Amino acid sequence: MDEPSKIELVRDADDPDVRTAQSRQGLNHWLGLLVERGGSDLLLVSGSPACIRLKGEVLNLDMRVLESAEIEAAVLPALSAHGGQQYKEVQIADSSYRVNGLGRFRINLHRERGRAAAAIRALPTKIPTLRELSLPPVLESLTRLPRGLVLVGGQAGSGKTTTLAALIHEINRREARHILIIEDPIEYEHANLRSVIEQIEIGTDAPNFPTALRAALREAPDVIVVGEMRDPETMRIAVSAAETGHLVLSTVHTTDMASTVSRVSDSFPLERQNTIRQELSMALAAVVTQILVPTKTGARLPASELLMMTYAARQHVRRNALQHLHQEITISKKSGSFSLEESLVELVMQGHISREDALLYAIHPDDVEAMLRSLGRR
């Protein structure tokens, strides 16, 4: 890897033009420090120094406080043409950014309290395997589904996109299929191994998710990946594609199994929700939710749960009785379903996380206690 550019920031310069020029140069310098120190995110907020997120903690890169104009001057030139126009129109923009010698980054430039701010994430160059993520091996079965909708739910930053990338990499490594990936922006870059993979970036290759998804259906894919379910039209097309023979994988910003399913139906007008629930109950093949848990080494690993859709689970979706989905995980273990608590216990048994953290992150800590006792871990 090339050495990051050694740009010195004059910390006592008060001239706004000087500070703006420094920040324009400083973006790649800050990104170099981010990569050098192994951080995940660069955070630029007016009134604070440039910060990085390292192993979950936010650390200052220096003591110099940034101003709004500096942040815009640093980040705007790094946006794509679409991203720059998006920021001009709505004051929020997402874009990918490549720096020779450092790699690729995902930029989010936005406003807060009337001032510019940015969150920039380092995008890994290597796609991790399910094993490297310490995800339960049964998740590999999702890559063998012939059709249906697979939803991966979780909070922002919970590793949903990484899990999707690992699943696609498994298909790519094993099978000769046509895979279409639609993202905003592209995060992981896939090489063609056994599969042919097309990666469509919103703003560069297509104007929005619904347009890209409608076009994808005419391009004879076996697998469609929708980076995020953002709007009802995208959801409607994705559900329809899953019903008509495609394997569709997507992510949803949610916190648990029930909210992951309800996020789709609740996005539609009230008069359409029953119809969407009927369609969703037939299209859904599996629902995964996950969180990131700190490990003993200071890293973070996903803990997940999986519900393989059974007849009973489909009935719960159809009737909007989503509070019963968690019990279906227990009932459908033979189909491959497993709970978050089982995933946490497995991470404890593998030595990755502490017993205390397993209890802290569990939805049902009593279940974790009981499982650990049965395994001789008191």
# chains A, B, ... in the order shown; residues from 1 in each chain; ligands from 1
>>> closest_atom_pairs(of="stretch 74-176 of chain A", to="stretch 182-202 of chain A", cutoff="12 Å", atoms="only C-alpha atoms", output="tab-separated table")
residue	atom	partner	partner_atom	distance
A:Leu79	CA	A:Pro185	CA	11.1
A:Ser80	CA	A:Pro185	CA	10.3
A:Ala81	CA	A:Ile202	CA	11.8
A:His82	CA	A:Ile202	CA	8.9
A:Gly83	CA	A:Ile202	CA	9.9
A:Gln86	CA	A:Ile202	CA	11.7
A:Ala93	CA	A:Asp184	CA	10.2
A:Asp94	CA	A:Pro185	CA	6.8
A:Ser95	CA	A:Pro185	CA	5.7
A:Ser96	CA	A:Pro185	CA	5.7
A:Tyr97	CA	A:Pro185	CA	9.4
A:Arg98	CA	A:Glu187	CA	11.2
A:Gly103	CA	A:Glu187	CA	11.2
A:Arg104	CA	A:Glu187	CA	8.1
A:Phe105	CA	A:Glu187	CA	8.0
A:Arg106	CA	A:Pro185	CA	7.0
A:Ile107	CA	A:Pro185	CA	8.8
A:Asn108	CA	A:Pro185	CA	10.0
A:Arg121	CA	A:Glu187	CA	9.7
A:Ala122	CA	A:Glu187	CA	9.2
A:Leu123	CA	A:Glu187	CA	6.1
A:Pro124	CA	A:Tyr188	CA	6.9
A:Thr125	CA	A:Tyr188	CA	7.0
A:Lys126	CA	A:Tyr188	CA	7.8
A:Ile127	CA	A:Tyr188	CA	6.8
A:Pro128	CA	A:Tyr188	CA	10.0
A:Gly159	CA	A:Glu187	CA	11.8
A:Lys160	CA	A:Glu187	CA	11.6
A:Thr161	CA	A:Glu187	CA	8.0
A:Thr162	CA	A:Tyr188	CA	8.0
A:Thr163	CA	A:Tyr188	CA	10.9
A:Leu164	CA	A:Tyr188	CA	9.8
A:Ala165	CA	A:Tyr188	CA	6.8
A:Ala166	CA	A:Tyr188	CA	9.7
A:Leu167	CA	A:His190	CA	11.7
A:Ile168	CA	A:His190	CA	8.7
A:His169	CA	A:His190	CA	7.5
A:Glu170	CA	A:Arg194	CA	10.2
A:Ile171	CA	A:Ser195	CA	7.5
A:Asn172	CA	A:Ser195	CA	4.9
A:Arg173	CA	A:Arg194	CA	5.8
A:Arg174	CA	A:Arg194	CA	6.5
A:Glu175	CA	A:Arg194	CA	5.7
A:Ala176	CA	A:Ser195	CA	4.3
>>> write_last_selection(atoms="C-alpha atoms", output="compact mmCIF listing (two decimals), in the first residue's frame")
# COMPACT_ATOMS: atom_id res chain seq x y z
CA LEU A 79 -18.54 13.33 -4.55
CA SER A 80 -19.69 11.96 -7.89
CA ALA A 81 -21.51 14.36 -10.22
CA HIS A 82 -24.80 12.81 -9.08
CA GLY A 83 -23.79 13.16 -5.43
CA GLN A 86 -28.01 15.63 -4.82
CA ALA A 93 -25.67 13.02 -0.58
CA ASP A 94 -24.19 9.52 -0.72
CA SER A 95 -21.29 8.65 -2.98
CA SER A 96 -18.37 6.28 -3.36
CA TYR A 97 -14.82 7.61 -3.50
CA ARG A 98 -11.60 5.89 -4.54
CA GLY A 103 -8.89 2.01 -1.34
CA ARG A 104 -12.57 2.86 -1.63
CA PHE A 105 -14.78 4.84 0.73
CA ARG A 106 -18.50 5.50 1.15
CA ILE A 107 -19.24 9.19 1.71
CA ASN A 108 -22.34 10.64 3.33
CA ARG A 121 -16.63 4.73 5.83
CA ALA A 122 -13.65 2.70 4.66
CA LEU A 123 -14.86 -0.08 2.37
CA PRO A 124 -13.02 -3.38 2.71
CA THR A 125 -11.19 -4.62 -0.35
CA LYS A 126 -11.63 -8.28 0.60
CA ILE A 127 -15.03 -9.92 0.84
CA PRO A 128 -15.18 -11.96 4.08
CA GLY A 159 -22.96 -5.40 9.21
CA LYS A 160 -25.97 -6.20 7.03
CA THR A 161 -24.20 -5.30 3.78
CA THR A 162 -21.18 -7.38 4.78
CA THR A 163 -23.40 -10.39 5.45
CA LEU A 164 -25.06 -9.96 2.05
CA ALA A 165 -21.66 -9.71 0.39
CA ALA A 166 -20.52 -12.92 2.09
CA LEU A 167 -23.66 -14.73 0.90
CA ILE A 168 -23.17 -13.53 -2.69
CA HIS A 169 -19.50 -14.47 -2.58
CA GLU A 170 -20.53 -18.00 -1.58
CA ILE A 171 -22.84 -18.27 -4.61
CA ASN A 172 -20.16 -16.76 -6.86
CA ARG A 173 -17.55 -19.21 -5.61
CA ARG A 174 -19.78 -22.28 -6.04
CA GLU A 175 -22.29 -21.77 -8.85
CA ALA A 176 -22.55 -20.44 -12.41
>>> select_by_dssp(residues="stretch 29-132 of chain A", states="strand (DSSP E)", output="VMD selection string")
chain A and resid 41 to 45 51 to 54 57 to 60 93 to 99 103 to 112 115 to 123
>>> select_by_dssp(residues="stretch 158-276 of chain A", states="helix (DSSP H, G or I)", output="ChimeraX atom specification")
/A:160-174,209-216,232-243,257-265,270-276
>>> write_last_selection(atoms="N, CA and C atoms", output="short mmCIF file (atom, residue, chain, number, x, y, z; two decimals), in the first residue's frame")
data_model
loop_
_atom_site.label_atom_id
_atom_site.label_comp_id
_atom_site.auth_asym_id
_atom_site.auth_seq_id
_atom_site.Cartn_x
_atom_site.Cartn_y
_atom_site.Cartn_z
N LYS A 160 -25.03 -5.54 7.95
CA LYS A 160 -25.97 -6.20 7.03
C LYS A 160 -25.38 -6.34 5.62
N THR A 161 -24.77 -5.26 5.13
CA THR A 161 -24.20 -5.30 3.78
C THR A 161 -23.06 -6.31 3.70
N THR A 162 -22.28 -6.41 4.76
CA THR A 162 -21.18 -7.38 4.78
C THR A 162 -21.71 -8.80 4.74
N THR A 163 -22.79 -9.06 5.49
CA THR A 163 -23.40 -10.39 5.45
C THR A 163 -23.92 -10.71 4.06
N LEU A 164 -24.59 -9.75 3.42
CA LEU A 164 -25.06 -9.96 2.05
C LEU A 164 -23.90 -10.26 1.11
N ALA A 165 -22.82 -9.50 1.25
CA ALA A 165 -21.66 -9.71 0.39
C ALA A 165 -21.07 -11.11 0.58
N ALA A 166 -21.03 -11.58 1.82
CA ALA A 166 -20.52 -12.92 2.09
C ALA A 166 -21.42 -13.99 1.46
N LEU A 167 -22.73 -13.78 1.51
CA LEU A 167 -23.66 -14.73 0.90
C LEU A 167 -23.49 -14.76 -0.62
N ILE A 168 -23.36 -13.59 -1.24
CA ILE A 168 -23.17 -13.53 -2.69
C ILE A 168 -21.84 -14.14 -3.09
N HIS A 169 -20.82 -13.89 -2.29
CA HIS A 169 -19.50 -14.47 -2.58
C HIS A 169 -19.57 -16.00 -2.56
N GLU A 170 -20.37 -16.54 -1.65
CA GLU A 170 -20.53 -18.00 -1.58
C GLU A 170 -21.17 -18.54 -2.85
N ILE A 171 -22.21 -17.86 -3.35
CA ILE A 171 -22.84 -18.27 -4.61
C ILE A 171 -21.83 -18.15 -5.75
N ASN A 172 -21.13 -17.04 -5.80
CA ASN A 172 -20.16 -16.76 -6.86
C ASN A 172 -19.05 -17.80 -6.89
N ARG A 173 -18.63 -18.23 -5.72
CA ARG A 173 -17.55 -19.21 -5.61
C ARG A 173 -17.99 -20.60 -6.05
N ARG A 174 -19.30 -20.90 -5.88
CA ARG A 174 -19.78 -22.28 -6.04
C ARG A 174 -20.58 -22.53 -7.31
N PHE A 209 -33.60 3.23 -7.23
CA PHE A 209 -33.77 1.79 -7.04
C PHE A 209 -34.92 1.21 -7.88
N PRO A 210 -36.12 1.82 -7.89
CA PRO A 210 -37.20 1.22 -8.68
C PRO A 210 -36.86 1.09 -10.16
N THR A 211 -36.23 2.11 -10.75
CA THR A 211 -35.86 2.05 -12.16
C THR A 211 -34.84 0.94 -12.40
N ALA A 212 -33.84 0.86 -11.52
CA ALA A 212 -32.81 -0.18 -11.67
C ALA A 212 -33.40 -1.57 -11.51
N LEU A 213 -34.34 -1.72 -10.57
CA LEU A 213 -34.92 -3.02 -10.30
C LEU A 213 -35.85 -3.46 -11.43
N ARG A 214 -36.64 -2.53 -11.95
CA ARG A 214 -37.48 -2.87 -13.10
C ARG A 214 -36.63 -3.31 -14.29
N ALA A 215 -35.54 -2.59 -14.53
CA ALA A 215 -34.64 -2.96 -15.63
C ALA A 215 -34.00 -4.32 -15.38
N ALA A 216 -33.67 -4.59 -14.12
CA ALA A 216 -33.02 -5.86 -13.78
C ALA A 216 -33.88 -7.06 -14.16
N PRO A 232 -41.69 2.15 -0.98
CA PRO A 232 -42.70 1.15 -1.31
C PRO A 232 -42.58 0.57 -2.72
N GLU A 233 -42.21 1.39 -3.69
CA GLU A 233 -42.11 0.90 -5.06
C GLU A 233 -41.01 -0.15 -5.20
N THR A 234 -39.86 0.12 -4.58
CA THR A 234 -38.78 -0.87 -4.59
C THR A 234 -39.24 -2.16 -3.92
N MET A 235 -39.92 -2.02 -2.77
CA MET A 235 -40.41 -3.20 -2.06
C MET A 235 -41.40 -3.99 -2.90
N ARG A 236 -42.31 -3.29 -3.56
CA ARG A 236 -43.33 -3.96 -4.37
C ARG A 236 -42.68 -4.77 -5.50
N ILE A 237 -41.73 -4.18 -6.20
CA ILE A 237 -41.07 -4.87 -7.31
C ILE A 237 -40.25 -6.05 -6.79
N ALA A 238 -39.56 -5.86 -5.66
CA ALA A 238 -38.75 -6.94 -5.09
C ALA A 238 -39.60 -8.12 -4.68
N VAL A 239 -40.73 -7.85 -4.03
CA VAL A 239 -41.65 -8.93 -3.63
C VAL A 239 -42.18 -9.65 -4.86
N SER A 240 -42.56 -8.91 -5.88
CA SER A 240 -43.06 -9.51 -7.12
C SER A 240 -42.00 -10.37 -7.79
N ALA A 241 -40.75 -9.89 -7.82
CA ALA A 241 -39.66 -10.65 -8.43
C ALA A 241 -39.43 -11.96 -7.68
N ALA A 242 -39.52 -11.90 -6.34
CA ALA A 242 -39.34 -13.12 -5.54
C ALA A 242 -40.46 -14.12 -5.78
N GLU A 243 -41.67 -13.60 -6.01
CA GLU A 243 -42.81 -14.49 -6.26
C GLU A 243 -42.71 -15.16 -7.62
N MET A 257 -36.92 -9.26 14.54
CA MET A 257 -37.58 -10.06 13.51
C MET A 257 -38.92 -9.47 13.10
N ALA A 258 -39.75 -9.12 14.06
CA ALA A 258 -41.09 -8.61 13.74
C ALA A 258 -41.01 -7.30 12.97
N SER A 259 -40.13 -6.38 13.40
CA SER A 259 -40.05 -5.08 12.72
C SER A 259 -39.44 -5.21 11.34
N THR A 260 -38.60 -6.22 11.12
CA THR A 260 -38.04 -6.43 9.79
C THR A 260 -39.14 -6.78 8.79
N VAL A 261 -40.08 -7.61 9.22
CA VAL A 261 -41.19 -7.98 8.33
C VAL A 261 -42.18 -6.84 8.21
N SER A 262 -42.51 -6.18 9.33
CA SER A 262 -43.52 -5.14 9.30
C SER A 262 -43.05 -3.90 8.54
N ARG A 263 -41.73 -3.68 8.47
CA ARG A 263 -41.23 -2.51 7.76
C ARG A 263 -41.70 -2.51 6.30
N VAL A 264 -41.81 -3.68 5.71
CA VAL A 264 -42.24 -3.76 4.32
C VAL A 264 -43.72 -3.41 4.20
N SER A 265 -44.58 -4.13 4.91
CA SER A 265 -46.02 -3.90 4.77
C SER A 265 -46.44 -2.52 5.27
N LEU A 270 -52.49 2.39 4.11
CA LEU A 270 -53.27 1.46 4.93
C LEU A 270 -54.15 0.56 4.09
N GLU A 271 -54.76 1.11 3.04
CA GLU A 271 -55.69 0.31 2.23
C GLU A 271 -54.98 -0.78 1.41
N ARG A 272 -53.66 -0.69 1.27
CA ARG A 272 -52.92 -1.69 0.49
C ARG A 272 -52.18 -2.69 1.37
N GLN A 273 -52.18 -2.46 2.67
CA GLN A 273 -51.32 -3.29 3.53
C GLN A 273 -51.73 -4.75 3.58
N ASN A 274 -53.03 -5.03 3.60
CA ASN A 274 -53.46 -6.43 3.63
C ASN A 274 -53.01 -7.17 2.38
N THR A 275 -53.12 -6.51 1.23
CA THR A 275 -52.69 -7.14 -0.02
C THR A 275 -51.20 -7.41 -0.01
N ILE A 276 -50.43 -6.44 0.46
CA ILE A 276 -48.98 -6.62 0.51
C ILE A 276 -48.61 -7.74 1.48
#
>>> closest_residue(among="A:Ser339, A:Gly39, A:Leu54, A:Leu247", to="A:Gln327", atoms="only C-alpha atoms")
A:Ser339
>>> atom_distance(atom1="atom CA of A:Ile181", atom2="atom CA of A:Arg147")
15.8 Å
>>> atom_distance(atom1="atom CA of A:Val99", atom2="atom CA of A:Leu31")
8.8 Å
>>> atom_distance(atom1="atom CA of A:Ser134", atom2="atom CA of A:Pro221")
29.3 Å
>>> decode(residues="stretch 131-217 of chain A", atoms="C-alpha atoms", output="PDB file, in the first residue's frame")
ATOM      1  CA  ARG A 131     -16.730 -18.483   8.458  1.00  0.00           C
ATOM      2  CA  GLU A 132     -14.527 -15.407   8.840  1.00  0.00           C
ATOM      3  CA  LEU A 133     -17.536 -13.491  10.159  1.00  0.00           C
ATOM      4  CA  SER A 134     -18.183 -16.351  12.639  1.00  0.00           C
ATOM      5  CA  LEU A 135     -21.754 -16.541  11.341  1.00  0.00           C
ATOM      6  CA  PRO A 136     -23.567 -19.847  11.894  1.00  0.00           C
ATOM      7  CA  PRO A 137     -22.816 -22.254   9.008  1.00  0.00           C
ATOM      8  CA  VAL A 138     -26.548 -22.824   8.454  1.00  0.00           C
ATOM      9  CA  LEU A 139     -26.748 -19.372   6.825  1.00  0.00           C
ATOM     10  CA  GLU A 140     -24.997 -20.912   3.845  1.00  0.00           C
ATOM     11  CA  SER A 141     -28.290 -22.691   3.094  1.00  0.00           C
ATOM     12  CA  LEU A 142     -29.735 -19.314   2.063  1.00  0.00           C
ATOM     13  CA  THR A 143     -27.412 -19.301  -0.943  1.00  0.00           C
ATOM     14  CA  ARG A 144     -28.970 -22.547  -2.168  1.00  0.00           C
ATOM     15  CA  LEU A 145     -32.544 -21.260  -2.242  1.00  0.00           C
ATOM     16  CA  PRO A 146     -33.916 -21.413  -5.803  1.00  0.00           C
ATOM     17  CA  ARG A 147     -36.229 -18.419  -5.337  1.00  0.00           C
ATOM     18  CA  GLY A 148     -37.879 -16.197  -2.745  1.00  0.00           C
ATOM     19  CA  LEU A 149     -37.130 -13.060  -0.743  1.00  0.00           C
ATOM     20  CA  VAL A 150     -34.430 -13.052   1.936  1.00  0.00           C
ATOM     21  CA  LEU A 151     -34.475 -10.012   4.228  1.00  0.00           C
ATOM     22  CA  VAL A 152     -31.505  -9.074   6.404  1.00  0.00           C
ATOM     23  CA  GLY A 153     -32.536  -6.675   9.168  1.00  0.00           C
ATOM     24  CA  GLY A 154     -30.509  -4.704  11.667  1.00  0.00           C
ATOM     25  CA  GLN A 155     -29.592  -1.233  12.814  1.00  0.00           C
ATOM     26  CA  ALA A 156     -27.337   1.023  10.766  1.00  0.00           C
ATOM     27  CA  GLY A 157     -23.767  -0.209  11.082  1.00  0.00           C
ATOM     28  CA  SER A 158     -24.734  -3.739  12.134  1.00  0.00           C
ATOM     29  CA  GLY A 159     -22.956  -5.403   9.211  1.00  0.00           C
ATOM     30  CA  LYS A 160     -25.968  -6.196   7.029  1.00  0.00           C
ATOM     31  CA  THR A 161     -24.204  -5.296   3.785  1.00  0.00           C
ATOM     32  CA  THR A 162     -21.183  -7.379   4.784  1.00  0.00           C
ATOM     33  CA  THR A 163     -23.396 -10.394   5.452  1.00  0.00           C
ATOM     34  CA  LEU A 164     -25.061  -9.962   2.047  1.00  0.00           C
ATOM     35  CA  ALA A 165     -21.657  -9.709   0.390  1.00  0.00           C
ATOM     36  CA  ALA A 166     -20.521 -12.924   2.089  1.00  0.00           C
ATOM     37  CA  LEU A 167     -23.663 -14.731   0.896  1.00  0.00           C
ATOM     38  CA  ILE A 168     -23.171 -13.526  -2.690  1.00  0.00           C
ATOM     39  CA  HIS A 169     -19.501 -14.471  -2.579  1.00  0.00           C
ATOM     40  CA  GLU A 170     -20.532 -17.999  -1.580  1.00  0.00           C
ATOM     41  CA  ILE A 171     -22.840 -18.270  -4.615  1.00  0.00           C
ATOM     42  CA  ASN A 172     -20.158 -16.756  -6.861  1.00  0.00           C
ATOM     43  CA  ARG A 173     -17.555 -19.212  -5.612  1.00  0.00           C
ATOM     44  CA  ARG A 174     -19.779 -22.275  -6.036  1.00  0.00           C
ATOM     45  CA  GLU A 175     -22.289 -21.767  -8.853  1.00  0.00           C
ATOM     46  CA  ALA A 176     -22.552 -20.436 -12.409  1.00  0.00           C
ATOM     47  CA  ARG A 177     -25.373 -17.906 -12.018  1.00  0.00           C
ATOM     48  CA  HIS A 178     -26.225 -14.398 -13.222  1.00  0.00           C
ATOM     49  CA  ILE A 179     -26.242 -12.022 -10.251  1.00  0.00           C
ATOM     50  CA  LEU A 180     -27.384  -8.391 -10.341  1.00  0.00           C
ATOM     51  CA  ILE A 181     -26.450  -6.156  -7.396  1.00  0.00           C
ATOM     52  CA  ILE A 182     -28.074  -2.711  -7.005  1.00  0.00           C
ATOM     53  CA  GLU A 183     -26.525  -0.395  -4.398  1.00  0.00           C
ATOM     54  CA  ASP A 184     -26.205   3.260  -3.410  1.00  0.00           C
ATOM     55  CA  PRO A 185     -23.242   3.374  -3.471  1.00  0.00           C
ATOM     56  CA  ILE A 186     -21.478   0.096  -4.331  1.00  0.00           C
ATOM     57  CA  GLU A 187     -19.647  -1.141  -1.236  1.00  0.00           C
ATOM     58  CA  TYR A 188     -18.000  -4.499  -1.966  1.00  0.00           C
ATOM     59  CA  GLU A 189     -16.641  -5.071  -5.480  1.00  0.00           C
ATOM     60  CA  HIS A 190     -17.180  -8.655  -6.673  1.00  0.00           C
ATOM     61  CA  ALA A 191     -14.944 -10.330  -9.238  1.00  0.00           C
ATOM     62  CA  ASN A 192     -16.569 -12.852 -11.579  1.00  0.00           C
ATOM     63  CA  LEU A 193     -15.590 -16.302 -10.320  1.00  0.00           C
ATOM     64  CA  ARG A 194     -18.080 -18.952 -11.414  1.00  0.00           C
ATOM     65  CA  SER A 195     -20.944 -16.469 -11.651  1.00  0.00           C
ATOM     66  CA  VAL A 196     -21.396 -13.412 -13.843  1.00  0.00           C
ATOM     67  CA  ILE A 197     -21.996 -10.413 -11.582  1.00  0.00           C
ATOM     68  CA  GLU A 198     -23.263  -6.995 -12.590  1.00  0.00           C
ATOM     69  CA  GLN A 199     -23.055  -4.191 -10.032  1.00  0.00           C
ATOM     70  CA  ILE A 200     -25.339  -1.202 -10.599  1.00  0.00           C
ATOM     71  CA  GLU A 201     -24.682   1.993  -8.680  1.00  0.00           C
ATOM     72  CA  ILE A 202     -27.558   4.392  -8.116  1.00  0.00           C
ATOM     73  CA  GLY A 203     -26.716   7.815  -9.485  1.00  0.00           C
ATOM     74  CA  THR A 204     -24.067   6.444 -11.827  1.00  0.00           C
ATOM     75  CA  ASP A 205     -25.729   3.547 -13.642  1.00  0.00           C
ATOM     76  CA  ALA A 206     -29.403   4.167 -12.796  1.00  0.00           C
ATOM     77  CA  PRO A 207     -31.336   7.123 -11.326  1.00  0.00           C
ATOM     78  CA  ASN A 208     -33.028   5.234  -8.475  1.00  0.00           C
ATOM     79  CA  PHE A 209     -33.772   1.793  -7.037  1.00  0.00           C
ATOM     80  CA  PRO A 210     -37.202   1.222  -8.682  1.00  0.00           C
ATOM     81  CA  THR A 211     -35.856   2.046 -12.162  1.00  0.00           C
ATOM     82  CA  ALA A 212     -32.812  -0.179 -11.671  1.00  0.00           C
ATOM     83  CA  LEU A 213     -34.922  -3.024 -10.296  1.00  0.00           C
ATOM     84  CA  ARG A 214     -37.482  -2.874 -13.102  1.00  0.00           C
ATOM     85  CA  ALA A 215     -34.642  -2.964 -15.631  1.00  0.00           C
ATOM     86  CA  ALA A 216     -33.017  -5.856 -13.778  1.00  0.00           C
ATOM     87  CA  LEU A 217     -36.078  -8.039 -14.316  1.00  0.00           C
TER      88      LEU A 217
END
